[in-house]
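Okay, run07.txt now, which holds compact mmCIF, C-alpha atoms and all ligand atoms:
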# COMPACT_ATOMS: atom_id res chain seq x y z
CA MET A 17 -39.42 2.63 30.97
CA LYS A 18 -37.21 5.00 32.99
CA ALA A 19 -37.23 8.71 32.19
CA VAL A 20 -36.25 12.03 33.80
CA VAL A 21 -39.56 13.78 34.45
CA TRP A 22 -40.22 17.44 35.29
CA HIS A 23 -42.63 17.68 38.22
CA GLY A 24 -42.14 21.28 39.24
CA ILE A 25 -39.50 23.99 39.51
CA GLY A 26 -36.64 22.44 41.46
CA ASP A 27 -38.40 19.03 41.35
CA ILE A 28 -37.25 16.47 38.79
CA ARG A 29 -37.45 12.70 39.27
CA LEU A 30 -36.41 9.48 37.61
CA ASP A 31 -39.83 7.90 37.01
CA ASP A 32 -41.27 4.81 35.40
CA VAL A 33 -43.43 6.02 32.52
CA PRO A 34 -45.21 4.22 29.65
CA GLU A 35 -43.13 3.57 26.52
CA PRO A 36 -44.00 5.95 23.68
CA THR A 37 -45.99 4.75 20.67
CA LEU A 38 -46.44 6.09 17.11
CA ARG A 39 -49.11 8.78 17.03
CA ASP A 40 -48.72 10.16 13.55
CA PRO A 41 -47.54 8.68 10.23
CA HIS A 42 -44.51 11.02 10.36
CA ASP A 43 -43.35 9.68 13.76
CA ALA A 44 -40.59 7.23 14.54
CA ILE A 45 -39.68 5.53 17.82
CA VAL A 46 -36.02 5.55 18.81
CA ARG A 47 -34.32 3.48 21.51
CA ILE A 48 -31.99 5.97 23.15
CA THR A 49 -28.46 4.69 23.63
CA ARG A 50 -27.05 7.98 24.88
CA SER A 51 -28.48 11.31 25.99
CA ALA A 52 -27.05 14.35 27.78
CA ILE A 53 -27.86 17.16 30.20
CA CYS A 54 -27.76 20.69 28.74
CA GLY A 55 -27.68 24.19 30.18
CA THR A 56 -31.11 24.62 28.60
CA ASP A 57 -32.50 21.89 30.89
CA LEU A 58 -31.24 23.90 33.86
CA HIS A 59 -33.31 26.95 32.83
CA MET A 60 -36.45 24.79 33.07
CA VAL A 61 -35.55 23.28 36.44
CA ARG A 62 -34.49 26.68 37.85
CA GLY A 63 -37.72 28.32 36.65
CA THR A 64 -36.07 30.87 34.37
CA MET A 65 -37.75 29.23 31.37
CA SER A 66 -41.35 28.99 32.47
CA GLY A 67 -44.50 27.25 31.27
CA MET A 68 -43.42 23.65 31.79
CA ARG A 69 -46.19 21.06 32.01
CA GLU A 70 -45.92 18.59 34.89
CA GLY A 71 -45.08 15.11 33.62
CA THR A 72 -42.97 16.24 30.64
CA VAL A 73 -39.93 14.06 30.03
CA LEU A 74 -36.81 16.29 29.93
CA GLY A 75 -33.86 16.21 27.54
CA HIS A 76 -33.26 17.19 23.93
CA GLU A 77 -29.89 15.64 23.05
CA ALA A 78 -29.68 11.97 22.01
CA VAL A 79 -28.25 9.24 19.86
CA GLY A 80 -30.11 5.98 19.34
CA VAL A 81 -31.47 3.24 17.13
CA VAL A 82 -34.78 3.37 15.25
CA THR A 83 -37.19 0.68 16.43
CA GLU A 84 -40.37 1.65 14.54
CA VAL A 85 -41.39 4.11 11.81
CA GLY A 86 -44.75 5.54 10.74
CA ASP A 87 -46.05 5.05 7.20
CA ALA A 88 -44.92 8.51 6.02
CA VAL A 89 -41.30 8.01 7.13
CA ARG A 90 -39.74 6.63 3.95
CA GLY A 91 -36.02 7.19 4.53
CA PHE A 92 -35.42 5.39 7.84
CA SER A 93 -36.01 1.79 8.90
CA PRO A 94 -35.83 -0.11 12.18
CA GLY A 95 -32.21 -0.80 13.06
CA ASP A 96 -30.82 2.52 11.69
CA ARG A 97 -28.37 4.30 14.01
CA VAL A 98 -29.44 7.92 14.27
CA LEU A 99 -28.65 11.32 15.70
CA VAL A 100 -31.70 13.15 17.04
CA ASN A 101 -31.78 16.90 16.34
CA SER A 102 -32.80 18.90 19.41
CA THR A 103 -35.23 20.97 17.39
CA ILE A 104 -38.11 19.39 15.45
CA SER A 105 -38.78 20.36 11.85
CA CYS A 106 -41.02 19.16 9.02
CA GLY A 107 -38.63 19.60 6.09
CA ALA A 108 -41.37 20.79 3.76
CA CYS A 109 -42.54 24.26 4.85
CA ARG A 110 -41.14 27.52 3.53
CA TYR A 111 -38.86 28.05 6.55
CA CYS A 112 -37.44 24.51 6.48
CA ARG A 113 -36.70 24.85 2.78
CA MET A 114 -34.71 28.04 3.47
CA GLY A 115 -32.72 26.15 6.12
CA HIS A 116 -34.41 27.95 9.03
CA THR A 117 -35.54 24.67 10.52
CA ALA A 118 -35.82 26.05 14.08
CA GLN A 119 -38.62 28.26 12.79
CA CYS A 120 -40.51 25.44 11.04
CA ASP A 121 -44.13 26.47 10.39
CA VAL A 122 -45.54 23.00 10.95
CA ALA A 123 -43.70 21.16 13.73
CA ASN A 124 -45.01 23.15 16.69
CA PRO A 125 -48.52 21.89 17.57
CA ASN A 126 -49.28 25.39 18.94
CA GLY A 127 -49.12 26.87 15.45
CA PRO A 128 -46.71 28.70 13.17
CA GLN A 129 -46.28 31.73 15.44
CA ALA A 130 -45.48 29.67 18.55
CA GLY A 131 -41.76 29.48 17.80
CA THR A 132 -39.29 26.61 17.95
CA SER A 133 -40.52 23.13 18.82
CA PHE A 134 -37.96 21.07 20.73
CA PHE A 135 -37.88 17.95 22.87
CA GLY A 136 -38.53 18.22 26.60
CA GLY A 137 -39.46 21.92 26.60
CA PRO A 138 -42.26 24.18 27.91
CA GLU A 139 -45.88 23.92 26.81
CA MET A 140 -45.41 26.54 24.06
CA THR A 141 -42.72 24.38 22.38
CA GLY A 142 -45.08 21.42 21.97
CA PRO A 143 -44.73 20.07 24.51
CA VAL A 144 -42.95 17.01 23.17
CA ASP A 145 -41.62 14.44 25.63
CA GLY A 146 -37.83 14.55 25.75
CA LEU A 147 -34.90 12.25 25.28
CA GLN A 148 -33.55 11.55 28.79
CA ALA A 149 -35.43 8.28 28.62
CA GLU A 150 -35.07 4.73 27.32
CA TYR A 151 -37.27 5.38 24.28
CA ALA A 152 -38.62 8.49 22.59
CA ARG A 153 -41.23 9.40 20.00
CA ILE A 154 -39.65 11.51 17.25
CA PRO A 155 -42.18 13.72 15.42
CA TRP A 156 -41.40 14.56 11.78
CA ALA A 157 -38.75 11.88 11.96
CA GLN A 158 -37.58 12.18 8.35
CA ASN A 159 -36.20 15.65 9.06
CA THR A 160 -35.60 15.45 12.81
CA LEU A 161 -33.20 12.48 12.53
CA HIS A 162 -29.83 12.23 10.80
CA PRO A 163 -28.29 8.89 9.83
CA LEU A 164 -24.97 8.22 11.56
CA PRO A 165 -22.00 6.63 9.80
CA ASP A 166 -20.28 3.74 11.64
CA THR A 167 -17.13 5.85 11.80
CA VAL A 168 -18.78 8.22 14.30
CA SER A 169 -19.16 6.67 17.77
CA ASP A 170 -22.11 7.35 20.08
CA GLU A 171 -19.81 9.37 22.29
CA GLN A 172 -18.69 11.55 19.39
CA ALA A 173 -22.24 11.84 18.12
CA ILE A 174 -23.92 12.98 21.32
CA LEU A 175 -22.44 16.49 21.03
CA LEU A 176 -23.67 16.70 17.43
CA SER A 177 -27.27 16.55 18.67
CA ASP A 178 -27.23 20.14 19.93
CA ILE A 179 -23.93 21.52 21.21
CA PHE A 180 -21.55 21.53 18.24
CA PRO A 181 -24.20 22.78 15.78
CA THR A 182 -25.26 25.48 18.27
CA GLY A 183 -21.66 26.67 18.74
CA TRP A 184 -21.17 26.69 14.97
CA PHE A 185 -24.45 28.55 14.46
CA GLY A 186 -23.38 31.09 17.12
CA ALA A 187 -20.16 31.83 15.24
CA GLU A 188 -22.18 32.18 12.03
CA LEU A 189 -24.67 34.54 13.70
CA ALA A 190 -21.74 36.66 14.88
CA GLY A 191 -20.51 36.76 11.29
CA VAL A 192 -17.04 35.51 12.20
CA ARG A 193 -14.55 36.40 9.45
CA ARG A 194 -10.93 35.66 8.75
CA GLY A 195 -8.72 37.64 11.11
CA ASP A 196 -11.43 38.52 13.62
CA VAL A 197 -10.88 38.89 17.33
CA VAL A 198 -13.88 37.06 18.77
CA ALA A 199 -15.06 37.25 22.38
CA VAL A 200 -17.17 34.41 23.76
CA PHE A 201 -19.14 34.97 26.97
CA GLY A 202 -19.67 31.66 28.78
CA ALA A 203 -17.21 28.77 28.93
CA GLY A 204 -19.82 26.07 29.39
CA ILE A 205 -19.96 23.41 26.73
CA VAL A 206 -21.78 25.72 24.29
CA GLY A 207 -19.17 28.45 24.77
CA GLN A 208 -16.37 25.90 24.27
CA PHE A 209 -17.85 24.81 20.94
CA ALA A 210 -18.58 28.40 19.93
CA ALA A 211 -14.89 29.16 20.51
CA ALA A 212 -13.76 26.08 18.56
CA SER A 213 -16.17 26.98 15.74
CA ALA A 214 -14.95 30.59 15.66
CA PHE A 215 -11.38 29.35 15.13
CA LYS A 216 -12.54 26.98 12.39
CA GLN A 217 -14.45 29.82 10.71
CA GLY A 218 -11.31 31.95 10.57
CA ALA A 219 -11.02 33.86 13.85
CA ALA A 220 -7.47 34.91 14.58
CA ARG A 221 -7.99 35.15 18.33
CA VAL A 222 -10.74 34.04 20.67
CA ILE A 223 -11.15 35.56 24.13
CA VAL A 224 -13.35 33.56 26.53
CA VAL A 225 -15.00 35.06 29.63
CA ASP A 226 -16.41 33.05 32.56
CA GLY A 227 -16.14 32.96 36.35
CA GLU A 228 -15.51 29.25 36.80
CA GLU A 229 -11.89 28.15 36.89
CA THR A 230 -12.07 24.66 35.39
CA ARG A 231 -14.20 25.88 32.49
CA LEU A 232 -11.71 28.66 31.79
CA ALA A 233 -8.92 26.05 31.92
CA ALA A 234 -10.74 24.05 29.21
CA ALA A 235 -10.88 27.19 27.05
CA LEU A 236 -7.18 27.77 27.65
CA ALA A 237 -6.51 24.20 26.49
CA GLN A 238 -8.00 25.31 23.14
CA HIS A 239 -5.61 28.29 23.17
CA CYS A 240 -8.33 30.82 23.82
CA GLU A 241 -7.30 33.87 25.85
CA ILE A 242 -9.18 33.62 29.14
CA VAL A 243 -10.74 36.26 31.37
CA ASP A 244 -12.14 35.52 34.86
CA PHE A 245 -14.94 38.00 35.53
CA ASN A 246 -14.48 37.61 39.30
CA ALA A 247 -10.88 38.82 39.01
CA GLU A 248 -11.00 41.38 36.19
CA ASP A 249 -13.52 43.63 34.50
CA PRO A 250 -14.09 41.65 31.27
CA VAL A 251 -14.93 44.74 29.21
CA GLU A 252 -11.72 46.45 30.28
CA ALA A 253 -9.72 43.26 29.70
CA ILE A 254 -11.10 42.80 26.18
CA ARG A 255 -10.36 46.44 25.32
CA GLU A 256 -6.83 46.09 26.67
CA LEU A 257 -6.27 42.99 24.57
CA THR A 258 -7.52 44.75 21.41
CA ASN A 259 -5.71 48.09 21.44
CA GLY A 260 -8.81 49.72 22.92
CA ILE A 261 -11.04 48.75 19.98
CA GLY A 262 -13.03 45.85 21.40
CA ALA A 263 -13.88 42.51 19.81
CA ASP A 264 -14.97 42.36 16.17
CA ALA A 265 -17.55 39.72 17.01
CA VAL A 266 -19.06 38.57 20.30
CA ILE A 267 -20.92 35.34 21.01
CA ASP A 268 -23.24 35.23 24.03
CA ALA A 269 -23.20 31.60 25.18
CA VAL A 270 -24.64 32.34 28.63
CA GLY A 271 -28.32 33.29 28.41
CA VAL A 272 -30.86 34.10 31.07
CA ASP A 273 -29.12 32.32 33.96
CA ALA A 274 -26.18 34.74 33.79
CA GLU A 275 -24.37 35.45 37.04
CA ARG A 276 -23.08 38.81 38.23
CA PRO A 277 -19.46 38.94 39.49
CA LYS A 278 -19.24 38.09 43.20
CA ARG A 279 -15.98 40.00 43.73
CA GLY A 280 -13.35 41.94 41.81
CA PRO A 281 -13.57 45.23 39.92
CA ALA A 282 -16.65 44.20 37.89
CA ALA A 283 -18.84 43.41 40.93
CA PRO A 284 -21.93 45.59 40.38
CA PRO A 285 -22.47 48.75 42.44
CA GLN A 286 -25.57 48.74 44.63
CA GLU A 287 -27.87 50.35 42.07
CA GLN A 288 -27.02 47.77 39.39
CA ALA A 289 -27.28 44.94 41.94
CA GLU A 290 -30.80 46.09 42.80
CA ALA A 291 -31.69 46.25 39.11
CA PHE A 292 -30.49 42.65 38.70
CA ASP A 293 -32.57 41.58 41.72
CA ALA A 294 -35.64 43.14 40.11
CA GLU A 295 -34.90 41.31 36.84
CA VAL A 296 -34.72 37.95 38.67
CA ARG A 297 -38.04 38.62 40.42
CA GLN A 298 -39.70 39.48 37.11
CA ILE A 299 -38.22 36.63 35.04
CA ALA A 300 -38.43 33.81 37.57
CA PRO A 301 -41.21 34.74 40.04
CA ASP A 302 -41.85 31.06 40.82
CA ALA A 303 -38.23 30.06 41.41
CA ALA A 304 -38.04 27.49 44.20
CA PRO A 305 -34.43 26.62 44.90
CA ARG A 306 -33.79 23.70 47.21
CA GLY A 307 -30.99 25.13 49.35
CA GLU A 308 -28.11 25.76 46.98
CA HIS A 309 -29.73 23.73 44.20
CA PHE A 310 -31.54 25.11 41.16
CA LYS A 311 -31.12 28.82 41.91
CA PRO A 312 -31.73 31.17 38.97
CA GLY A 313 -28.71 33.17 37.83
CA ASP A 314 -28.46 36.47 39.76
CA GLY A 315 -27.62 38.75 36.82
CA PRO A 316 -30.01 37.88 33.96
CA SER A 317 -28.91 40.68 31.62
CA GLN A 318 -25.23 40.68 32.68
CA ALA A 319 -23.83 38.79 29.67
CA ALA A 320 -26.00 40.76 27.24
CA ARG A 321 -24.74 44.05 28.72
CA TRP A 322 -21.10 43.01 28.62
CA ALA A 323 -21.48 41.79 25.03
CA VAL A 324 -22.69 45.21 23.89
CA GLU A 325 -19.93 46.99 25.82
CA ALA A 326 -17.10 44.66 24.77
CA VAL A 327 -17.82 44.59 21.04
CA ALA A 328 -16.17 47.17 18.77
CA LYS A 329 -18.20 49.99 17.22
CA CYS A 330 -19.98 48.54 14.15
CA GLY A 331 -19.27 45.10 15.58
CA ARG A 332 -21.38 41.96 15.44
CA ILE A 333 -23.08 39.99 18.21
CA GLY A 334 -24.48 36.46 17.95
CA ILE A 335 -26.75 35.40 20.79
CA ILE A 336 -27.19 31.67 21.33
CA GLY A 337 -27.57 31.72 25.12
CA VAL A 338 -31.29 31.20 25.66
CA TYR A 339 -33.52 34.09 26.73
CA PRO A 340 -37.17 33.05 27.12
CA PRO A 341 -40.03 35.26 25.88
CA GLN A 342 -40.62 36.97 29.24
CA VAL A 343 -37.15 38.60 29.17
CA GLY A 344 -37.42 42.24 28.11
CA GLN A 345 -34.15 43.79 29.30
CA TYR A 346 -31.58 44.56 26.62
CA PRO A 347 -29.23 47.56 26.28
CA ILE A 348 -30.86 48.58 23.02
CA GLY A 349 -29.85 52.24 23.21
CA GLN A 350 -26.17 51.49 23.71
CA ALA A 351 -26.27 48.95 20.87
CA MET A 352 -28.02 51.38 18.53
CA ASN A 353 -25.51 54.12 19.23
CA LYS A 354 -22.61 51.80 18.37
CA ASN A 355 -24.14 50.76 15.01
CA LEU A 356 -24.11 47.10 16.03
CA THR A 357 -25.44 44.12 14.11
CA ILE A 358 -27.12 41.66 16.44
CA ARG A 359 -28.40 38.27 15.36
CA MET A 360 -29.77 35.51 17.57
CA GLY A 361 -31.83 32.42 17.85
CA ASN A 362 -32.33 28.75 18.35
CA CYS A 363 -30.00 26.62 16.28
CA ASP A 364 -31.30 25.40 12.91
CA HIS A 365 -30.03 21.93 13.75
CA HIS A 366 -31.25 20.07 10.71
CA SER A 367 -29.48 22.32 8.24
CA VAL A 368 -26.37 23.15 10.29
CA THR A 369 -25.40 19.63 11.37
CA PRO A 370 -24.59 17.51 8.27
CA PRO A 371 -21.16 19.05 7.49
CA LEU A 372 -20.27 18.82 11.18
CA ILE A 373 -20.99 15.06 11.16
CA ASP A 374 -18.62 14.81 8.18
CA MET A 375 -15.97 16.85 10.02
CA VAL A 376 -16.11 14.48 13.00
CA ALA A 377 -16.19 11.38 10.75
CA ALA A 378 -13.10 12.65 8.92
CA GLY A 379 -11.22 13.05 12.20
CA GLN A 380 -10.88 16.83 11.74
CA PHE A 381 -12.51 17.48 15.08
CA ASP A 382 -12.92 15.25 18.12
CA PRO A 383 -15.70 16.50 20.35
CA THR A 384 -15.30 13.87 23.06
CA ALA A 385 -12.60 15.56 25.16
CA LEU A 386 -15.10 18.00 26.64
CA ILE A 387 -17.54 15.33 27.82
CA THR A 388 -16.27 15.39 31.36
CA GLU A 389 -18.89 13.20 33.07
CA HIS A 390 -19.96 9.75 31.93
CA GLU A 391 -23.08 8.81 33.86
CA GLN A 392 -25.98 6.46 33.33
CA LEU A 393 -29.62 7.45 32.97
CA GLY A 394 -30.24 5.87 36.38
CA SER A 395 -28.00 8.46 38.08
CA ALA A 396 -29.37 11.45 36.17
CA ILE A 397 -30.86 13.31 39.15
CA GLY A 398 -27.58 13.45 41.08
CA ALA A 399 -25.84 14.47 37.87
CA TYR A 400 -28.32 17.34 37.37
CA GLU A 401 -27.58 18.56 40.90
CA ALA A 402 -23.81 18.56 40.42
CA PHE A 403 -24.04 20.16 36.96
CA ASP A 404 -26.40 22.84 38.30
CA LEU A 405 -23.84 23.76 40.98
CA ARG A 406 -21.07 23.97 38.34
CA GLU A 407 -19.01 21.50 40.38
CA PRO A 408 -15.37 21.96 39.35
CA GLY A 409 -14.66 19.97 36.22
CA TRP A 410 -18.33 19.27 35.39
CA ILE A 411 -18.56 20.77 31.90
CA LYS A 412 -20.77 18.24 30.13
CA VAL A 413 -22.69 15.21 31.34
CA GLU A 414 -23.59 12.39 29.00
CA LEU A 415 -26.09 9.76 30.11
CA ALA A 416 -25.61 6.26 28.74
CA ALA A 417 -28.61 3.93 28.61
CA THR A 418 -28.79 2.15 31.95
CA GLN A 419 -27.51 -1.37 31.49
CA GLY A 420 -29.53 -4.47 32.27
N1 LIG A 501 -29.56 28.70 20.82
C1 LIG A 501 -29.61 27.37 20.93
O1 LIG A 501 -30.07 26.68 20.04
C2 LIG A 501 -29.04 26.73 22.16
C3 LIG A 501 -28.73 25.38 22.16
C4 LIG A 501 -28.13 24.82 23.30
C5 LIG A 501 -27.89 25.59 24.42
N2 LIG A 501 -28.24 26.92 24.39
C6 LIG A 501 -28.01 27.81 25.52
O2 LIG A 501 -26.63 28.10 25.61
C7 LIG A 501 -26.35 28.52 26.95
C8 LIG A 501 -25.14 27.77 27.47
O3 LIG A 501 -25.41 26.38 27.55
P1 LIG A 501 -24.41 25.43 28.36
O4 LIG A 501 -24.93 24.03 28.23
O5 LIG A 501 -23.03 25.73 27.97
O6 LIG A 501 -24.74 25.95 29.85
P2 LIG A 501 -23.86 26.04 31.16
O7 LIG A 501 -24.80 26.47 32.24
O8 LIG A 501 -23.08 24.79 31.35
O9 LIG A 501 -22.80 27.20 30.85
C9 LIG A 501 -23.05 28.56 31.04
C10 LIG A 501 -21.72 29.19 31.44
O10 LIG A 501 -21.88 30.62 31.53
C11 LIG A 501 -21.11 31.06 32.63
N3 LIG A 501 -21.58 32.38 33.02
C12 LIG A 501 -22.55 32.71 33.92
N4 LIG A 501 -22.69 34.05 33.97
C13 LIG A 501 -21.78 34.58 33.11
C14 LIG A 501 -21.45 35.90 32.74
N5 LIG A 501 -22.09 36.95 33.28
N6 LIG A 501 -20.47 36.08 31.81
C15 LIG A 501 -19.81 35.02 31.28
N7 LIG A 501 -20.09 33.73 31.60
C16 LIG A 501 -21.07 33.53 32.50
C17 LIG A 501 -21.28 29.97 33.67
O11 LIG A 501 -20.27 30.02 34.66
C18 LIG A 501 -21.22 28.72 32.81
O12 LIG A 501 -19.90 28.25 32.68
C19 LIG A 501 -27.63 28.24 27.74
O13 LIG A 501 -28.39 29.44 27.84
C20 LIG A 501 -28.37 27.26 26.89
O14 LIG A 501 -29.77 27.30 27.10
C21 LIG A 501 -28.79 27.48 23.27
ZN ZN A 502 -28.94 21.21 24.59
ZN ZN A 503 -40.99 22.99 8.41

Do you think you could lay out the structure here as structure tokens?
Amino acid sequence: MKAVVWHGIGDIRLDDVPEPTLRDPHDAIVRITRSAICGTDLHMVRGTMSGMREGTVLGHEAVGVVTEVGDAVRGFSPGDRVLVNSTISCGACRYCRMGHTAQCDVANPNGPQAGTSFFGGPEMTGPVDGLQAEYARIPWAQNTLHPLPDTVSDEQAILLSDIFPTGWFGAELAGVRRGDVVAVFGAGIVGQFAAASAFKQGAARVIVVDGEETRLAAALAQHCEIVDFNAEDPVEAIRELTNGIGADAVIDAVGVDAERPKRGPAAPPQEQAEAFDAEVRQIAPDAAPRGEHFKPGDGPSQAARWAVEAVAKCGRIGIIGVYPPQVGQYPIGQAMNKNLTIRMGNCDHHSVTPPLIDMVAAGQFDPTALITEHEQLGSAIGAYEAFDLREPGWIKVELAATQG
């Protein structure tokens, strides 16, 4: 079958690989009808999320149809249309039962302290072959799959695999309350859904910061107040928009591949620029960009720093942008002296998603407008390259199963 395979930093290929088979009674096999490319995949191709094993199939967002189930999978049968959660969870351990399914004690083959297990990730997350493929093996299928009602199309469902639940989870981590002014850093697809979720959870105003025009335009279309960090200092702008107080809650939807401003009043002075350069060398020592492609972000801690500065005293920050374990820079002293509450993590997909499926099924929210690129699995590599460069208008790429 065809699959997108990680060969090295900056080196991904569409390969022919063997079809997966059941390995454990809790496994299922799913024929993937639709997958997608995520900002998280870019971290692994850019080298800012390290420890990938050569030969791992990439991708952790998919919709499909069950073709086979192991003996211990009692609630799904071949033919069921399913949503695949990005993160894998057993549904029986202490963490799963508390709803913290991204911290499942059982799903990660590297043990309970190894952290979240997800599809198509580094060695320490499994590794479990991913979903940008024609078929996939789904470990702990009973908990890692959700049934899909006929009223939710594949196109609506694909953003329920990771993005909508992650945005929702981000707004929850930031403790969004009725009347809040919320600032979202990052207007990629995760930031867009964090903004939409903040409104749905009661935010009165949502300010979105990014440096890419078409992504800011998409945030404006949701009636967010937009700030271009290449034109304005985002911290100053947020203070100005909030009577000098700052945002009540901030969501970091950027992560380790954050960029520094290239121009404008927020462009870093030389000392800060050198500090960013040192961060990049430490976090991504093996980065191997091919020309303009797959370059790590040049300001790894930029979004984290702005979040701490832009939030009000005693404010709340929710971090959903991914920072891998080797990242150690955080403005802890500034945060401590503002009495901040900071929560973060990988989305607990299994427990967050069910009400969001209902919301989409009921027509209360249509996630399809922000899927800007409709590609096929066969053209995934070119799509990765364009998405990596943040080509204007490329906010989210879905990959339909290649026909024929
Ligand atoms: N916690 C989770 O469970 C989870 C799930 C999915 C994705 N993620 C993470 O969410 C993040 C966003 O994902 P995405 O798919 O939207 O990625 P993306 O790369 O499409 O979007 C990131 C956006 O951040 C912007 N940006 C860069 N530097 C910035 C800065 N200093 N300030 C403000 N904006 C800046 C970019 O221009 C881009 O629009 C990634 O780190 C991804 O790994 C986390
Ligand atoms: Zn994702
Ligand atoms: Zn578990």

Task: Best match for closeness to A:Leu393 among A:Pro312, A:Pro128, A:Gly75, A:Gly26, counting all atoms listed in the file - done: A:Gly75

Report as CSV: every residue of chain A with an atom at most 12 Å from ligand ZN 502 (chain A), its closest pair of atoms, and their distance in Å to one decimal, counting only C-alpha atoms and all ligand atoms, with rows sorted by chain and ascending residue number.
residue,atom,partner,partner_atom,distance
A:Ser51,CA,A:ZN502,ZN,10.0
A:Ala52,CA,A:ZN502,ZN,7.8
A:Ile53,CA,A:ZN502,ZN,7.0
A:Cys54,CA,A:ZN502,ZN,4.3
A:Gly55,CA,A:ZN502,ZN,6.5
A:Thr56,CA,A:ZN502,ZN,5.7
A:Asp57,CA,A:ZN502,ZN,7.3
A:Leu58,CA,A:ZN502,ZN,9.9
A:His59,CA,A:ZN502,ZN,11.0
A:Met60,CA,A:ZN502,ZN,11.9
A:Leu74,CA,A:ZN502,ZN,10.7
A:Gly75,CA,A:ZN502,ZN,7.6
A:His76,CA,A:ZN502,ZN,5.9
A:Glu77,CA,A:ZN502,ZN,5.9
A:Ala78,CA,A:ZN502,ZN,9.6
A:Val100,CA,A:ZN502,ZN,11.4
A:Asn101,CA,A:ZN502,ZN,9.7
A:Ser102,CA,A:ZN502,ZN,6.9
A:Thr103,CA,A:ZN502,ZN,9.6
A:Phe134,CA,A:ZN502,ZN,9.8
A:Phe135,CA,A:ZN502,ZN,9.7
A:Gly136,CA,A:ZN502,ZN,10.2
A:Gly137,CA,A:ZN502,ZN,10.7
A:Gly146,CA,A:ZN502,ZN,11.2
A:Leu147,CA,A:ZN502,ZN,10.8
A:Gln148,CA,A:ZN502,ZN,11.5
A:Ile174,CA,A:ZN502,ZN,10.2
A:Leu175,CA,A:ZN502,ZN,8.8
A:Leu176,CA,A:ZN502,ZN,10.0
A:Ser177,CA,A:ZN502,ZN,7.7
A:Asp178,CA,A:ZN502,ZN,5.1
A:Ile179,CA,A:ZN502,ZN,6.1
A:Phe180,CA,A:ZN502,ZN,9.7
A:Pro181,CA,A:ZN502,ZN,10.1
A:Thr182,CA,A:ZN502,ZN,8.5
A:Gly183,CA,A:ZN502,ZN,10.8
A:Gly204,CA,A:ZN502,ZN,11.4
A:Ile205,CA,A:ZN502,ZN,9.5
A:Val206,CA,A:ZN502,ZN,8.5
A:Ala269,CA,A:ZN502,ZN,11.9
A:Ile336,CA,A:ZN502,ZN,11.1
A:Gly337,CA,A:ZN502,ZN,10.6
A:Val338,CA,A:ZN502,ZN,10.3
A:Asn362,CA,A:ZN502,ZN,10.4
A:Cys363,CA,A:ZN502,ZN,10.0
A:His365,CA,A:ZN502,ZN,10.9
A:Lys412,CA,A:ZN502,ZN,10.3
A:Val413,CA,A:ZN502,ZN,11.0
A:Glu414,CA,A:ZN502,ZN,11.2

TODO: Determine, counting all atoms listed in the file, which protein, DNA and RNA residues have an atom within 9 Å of an atom of stretch 210-217 of chain A; residues of the same chain fewer than 3 positions away are not included. Present the result as JSON, numbers by chain.
DONE: {"A": [179, 180, 181, 182, 183, 184, 185, 186, 187, 188, 192, 193, 194, 196, 198, 199, 200, 203, 205, 206, 207, 220, 221, 222, 223, 224, 235, 238, 240, 267, 269]}

Task: Residues within 8 Å of ligand ZN 503 (chain A), counting only C-alpha atoms and all ligand atoms, as a ChimeraX atom specification - done: /A:105-113,117,119-123

TODO: Using only C-alpha atoms and all ligand atoms, find the one residue out of A:Asp314, A:Asp226, A:Glu287, A:Asp382 that sits nearest to ligand LIG 501 (chain A).
DONE: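 Closest to ligand LIG 501 (chain A), using only C-alpha atoms and all ligand atoms: A:Asp226.
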
- [ ] Have a look at atom CA of A:Arg332 and atom CA of A:Val266 and let me know their distance in Å, one decimal.
- [x]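 So the answer is 6.4 Å.
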
Task: Distance criterion (all atoms listed in the file): nearest to A:Ser169 out of A:Val85, A:Leu99, A:Ile45, A:Val33 - done: A:Leu99

Tell me which protein, DNA and RNA residues are within 6 Å of A:Leu356, counting all atoms listed in the file, leaving out same-chain ones fewer than 3 positions away, and put them as a PDB file with C-alpha atoms, in the frame of the given file.
ATOM      1  CA  CYS A 330     -19.980  48.540  14.150  1.00  0.00           C
ATOM      2  CA  GLY A 331     -19.270  45.100  15.580  1.00  0.00           C
ATOM      3  CA  ARG A 332     -21.380  41.960  15.440  1.00  0.00           C
ATOM      4  CA  ALA A 351     -26.270  48.950  20.870  1.00  0.00           C
TER       5      ALA A 351
END

Open item on the list: Could you tell me how far atom CA of A:Ala19 sits from atom CA of A:Ala396, in Å to one decimal place?
Closed with: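 Going from atom CA of A:Ala396 over to atom CA of A:Ala19, I get 9.2 Å.
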
Task: Shortest interatomic distance to A:Ile373 - which of A:Ala416, A:Leu164, A:Val225, A:Val21, counting all atoms listed in the file - done: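 That would be A:Leu164, the residue with the smallest distance to A:Ile373.
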
Task: Separation of atom CA of A:Ala328 from atom C14 of ligand LIG 501 (chain A), in Å and rounded to one decimal - done: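 Between these atoms lies a distance of 18.7 Å.
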
TODO: Go through A:Val243, A:Ile48, A:Ile411, A:Met140 one by one, measure the shortest atom-to-atom distance of each to ligand LIG 501 (chain A) using all atoms listed in the file, and give the residue with the smallest value.
DONE: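 Closest to ligand LIG 501 (chain A) of all the choices is A:Ile411.
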
Task: Residue nearest A:Gln342 - candidates A:Gln158, A:Thr132, A:Gln298, A:Asn246, atoms counted: only C-alpha atoms - done: A:Gln298

Build an axis-aligned box that encloses every atom of stretch 383-395 of chain A listed in the file, pad it by 4 Å on each side, and report its centre and edge lengths in Å to one decimal, as AutoDock Vina command-line options.
--center_x -21.4 --center_y 11.9 --center_z 29.2 --size_x 25.6 --size_y 20.1 --size_z 25.7
